[in-house]
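To keep things clear, I will list the structure first and then write my remarks on it.
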Amino acid sequence: MSKKITIIGSGFSSLSASCYLAQLGYEVTIYEKNSTIGGRARQLKKEGFTFDIGPSWYWMPDVFESFFNDFNTTASKFYTLDKLNPAYKVFFENKESIAIEDTLDKIYTAFENEEKGSSTKLKKFIATAQNNYEIAIKNLVYRPGVSPLELVTKETIQRIGQFFSTISKEVRKDFKNPKLIQILEFPVLFLGAKPSDTPAFYSFMNYADFGLGTWHPRGGMYEVILGMGKLAQSLGVKIHTDSNVKKIVVENGKANGIVVNDKKIDADIVLCGADYHHGETLLNIEHRQYSEKYWDKKTFAPSSLLFYVGFDKKLKNINHHNLFFDTDFDKHAKDIYDSPKWPDQPLFYANFTSLTDAKSAPEGNENGFFLIPLAPGIEDTDELREQYFDKIITRFEALTEQNVKNNIIFKESFCVKDFIKEYNSYKGNAYGMANTLLQTAFLRPKLKSKKVKDLFFTGQLTVPGPGVPPSLISGKLVAGLIEAEYQQHKELELITT
């Protein structure tokens, strides 16, 4: 008889794990507290507009393809991808901007136009970034974080200096133009930490950006979730929504079920794909691996103030993805990581999927998704949300040279309190735990509980880290650990009998 596995949450990592575990022959059931699957990757539909509530960037398409290939299928069987050109546009002060286009040659030209000689330096930087990417994908990120030796390979030893230098230092060695520096430091923000705290080895994110490009699934990122859900169900996974897990049941040191909507559900193995900190609060204190003091000392990725805005006209001078770097990046970063507070002049991001995907807004209209990175755990009030919307929309009008305030049909916001309420997110963080040197690989919270037998965790607070592609990988890693332990038990049973 196959073992029963219950999974808490239905985000990318949970869906990924469910597919691998079902393929291995386990009886898998997912329990999701919200009314739709996807965890933080949900969807808002209102008055003919469609928004991705959470993740909005599709990077590292090879990781998605690898996931689907593991089940003898392809991503294209579930959704259609369009490569964006430009991938994104970066706005600076004085109405200056740089578009990052869809090939390396075009990007080299853009750099050279901004600073003579920079294209040669960029080619060298990207060559290193590509090598790092290949090492990371082939040798590092698919390791479960159980031992420091996982990081020790011939390739990493040759690059040991990159683990003790930072992205910021490496970029500034060769580039002096502040605009180009900001563009090169931008990708590591997906890792949840300041470039000055992120190991230089993570320049592989620059290759993910410039080398692999930025894509858009038609219908939005939620199409990926729907595709993974269909795949999971085709493999036999059962999914229950509106199923809030209140407790992980432990008896004699072993996880043997969960309590859902006040009902005990038996299980042989429990896998928590919800926020890791929250998952541990579902246990009695003696069964928790990490104390509140432990979590409080960790560097968390930012929270966000998000706005979903419907405009009654087509907007101009914008692209699908837009970064507004017209204020002091270092000062904003300090307001997130060093002295947490609401930033005076925040950088912000905006996307308009209706430029690429006409069905995401009524004809002649535009949908706008605006994001301001914030420190997790700070005060969150309606008044502050309104104040900051006014700040960014005023700058948006000036930088894109158009009036839009009077063309807003509606706007909805999502911030720290909502991340806590909707996702049980620690301090309302949006992206998990930052990938700093001391929070990398085996130094992150473990996939397997050290205190409770048959209890496992997956997601962006454990290995390999924050972001959608790492979450897919996290699901594969934890499934591998569960299977390895199961096979070990079977061998022990054969020996003892």
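Residues in the structure tokens are numbered from 1 in each chain, the chains being A, B, ... in the order shown, and ligands are numbered from 1 in the order shown.
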Write out as a ChimeraX atom specification which residues come within 8 Å of region 112-119 of chain A when counting only C-alpha atoms, dropping same-chain ones fewer than 6 positions away. /A:175,177,180
Keeping only all heavy atoms, take the residues you just selected and write them out as a compact mmCIF listing (two decimals), in the first residue's frame.
# COMPACT_ATOMS: atom_id res chain seq x y z
N PHE A 175 32.64 49.03 -13.74
CA PHE A 175 31.66 50.00 -14.22
C PHE A 175 31.59 51.21 -13.30
O PHE A 175 31.54 51.06 -12.08
CB PHE A 175 30.27 49.33 -14.33
CG PHE A 175 30.23 48.19 -15.31
CD1 PHE A 175 30.49 46.89 -14.89
CD2 PHE A 175 29.96 48.41 -16.65
CE1 PHE A 175 30.48 45.84 -15.79
CE2 PHE A 175 29.94 47.37 -17.56
CZ PHE A 175 30.21 46.07 -17.13
N ASN A 177 29.59 54.14 -14.45
CA ASN A 177 28.36 54.85 -14.76
C ASN A 177 27.26 54.39 -13.80
O ASN A 177 26.94 53.20 -13.73
CB ASN A 177 27.96 54.54 -16.21
CG ASN A 177 26.71 55.29 -16.63
OD1 ASN A 177 25.63 55.02 -16.13
ND2 ASN A 177 26.86 56.22 -17.56
N LEU A 180 24.37 52.20 -15.30
CA LEU A 180 24.74 50.83 -15.64
C LEU A 180 24.94 49.98 -14.38
O LEU A 180 24.60 48.80 -14.35
CB LEU A 180 26.00 50.81 -16.51
CG LEU A 180 25.91 51.60 -17.82
CD1 LEU A 180 27.18 51.41 -18.64
CD2 LEU A 180 24.68 51.17 -18.62
Might you pull out every residue within 7 Å of region 326-328 of chain A, with only C-alpha atoms counted and same-chain residues fewer than 6 positions away left off, and present them as a PyMOL selection string? chain A and resi 91-93+345-347
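Picture a line from CA of Phe442 (chain A) to CA of Pro148 (chain A); it runs 5.9 Å.
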Best match for closeness to Glu412 (chain A) among A:Asn367, A:Thr356, A:Ser234, A:Gln23, counting only C-alpha atoms: A:Asn367
Could you tell me which of A:Met228, A:Ala136, A:Ile482, A:Ala333 comes closest to Phe204 (chain A) if we count only C-alpha atoms? A:Ala136
Residue among A:Ser165, A:Asn132, A:Asn435, A:Ile53 lying closest to Cys415 (chain A), counting only C-alpha atoms: A:Ile53
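The residue set within 7 Å of region 157-164 of chain A, counting only C-alpha atoms and dropping same-chain residues fewer than 3 places from it, reads A:Val152, A:Thr153, A:Lys154, A:Pro199, A:Ala200, A:Phe201.
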Export of prior selection with N, CA, C and O atoms as a PDB file, in the first residue's frame:
ATOM      1  N   VAL A 152      31.262  22.161  -2.035  1.00  0.00           N
ATOM      2  CA  VAL A 152      32.667  21.940  -2.361  1.00  0.00           C
ATOM      3  C   VAL A 152      32.782  21.097  -3.628  1.00  0.00           C
ATOM      4  O   VAL A 152      32.603  19.882  -3.610  1.00  0.00           O
ATOM      5  N   THR A 153      33.049  21.772  -4.736  1.00  0.00           N
ATOM      6  CA  THR A 153      33.309  21.095  -6.004  1.00  0.00           C
ATOM      7  C   THR A 153      34.558  21.732  -6.613  1.00  0.00           C
ATOM      8  O   THR A 153      35.017  22.793  -6.166  1.00  0.00           O
ATOM      9  N   LYS A 154      35.100  21.083  -7.616  1.00  0.00           N
ATOM     10  CA  LYS A 154      36.275  21.642  -8.284  1.00  0.00           C
ATOM     11  C   LYS A 154      35.978  23.044  -8.795  1.00  0.00           C
ATOM     12  O   LYS A 154      36.798  23.965  -8.666  1.00  0.00           O
ATOM     13  N   PRO A 199      26.691  37.436  -2.326  1.00  0.00           N
ATOM     14  CA  PRO A 199      27.957  36.931  -2.877  1.00  0.00           C
ATOM     15  C   PRO A 199      28.065  37.154  -4.381  1.00  0.00           C
ATOM     16  O   PRO A 199      27.078  37.033  -5.123  1.00  0.00           O
ATOM     17  N   ALA A 200      29.289  37.466  -4.824  1.00  0.00           N
ATOM     18  CA  ALA A 200      29.529  37.765  -6.241  1.00  0.00           C
ATOM     19  C   ALA A 200      29.178  36.582  -7.141  1.00  0.00           C
ATOM     20  O   ALA A 200      28.850  36.775  -8.319  1.00  0.00           O
ATOM     21  N   PHE A 201      29.228  35.374  -6.593  1.00  0.00           N
ATOM     22  CA  PHE A 201      28.892  34.191  -7.396  1.00  0.00           C
ATOM     23  C   PHE A 201      27.482  34.293  -7.964  1.00  0.00           C
ATOM     24  O   PHE A 201      27.186  33.745  -9.021  1.00  0.00           O
TER      25      PHE A 201
END
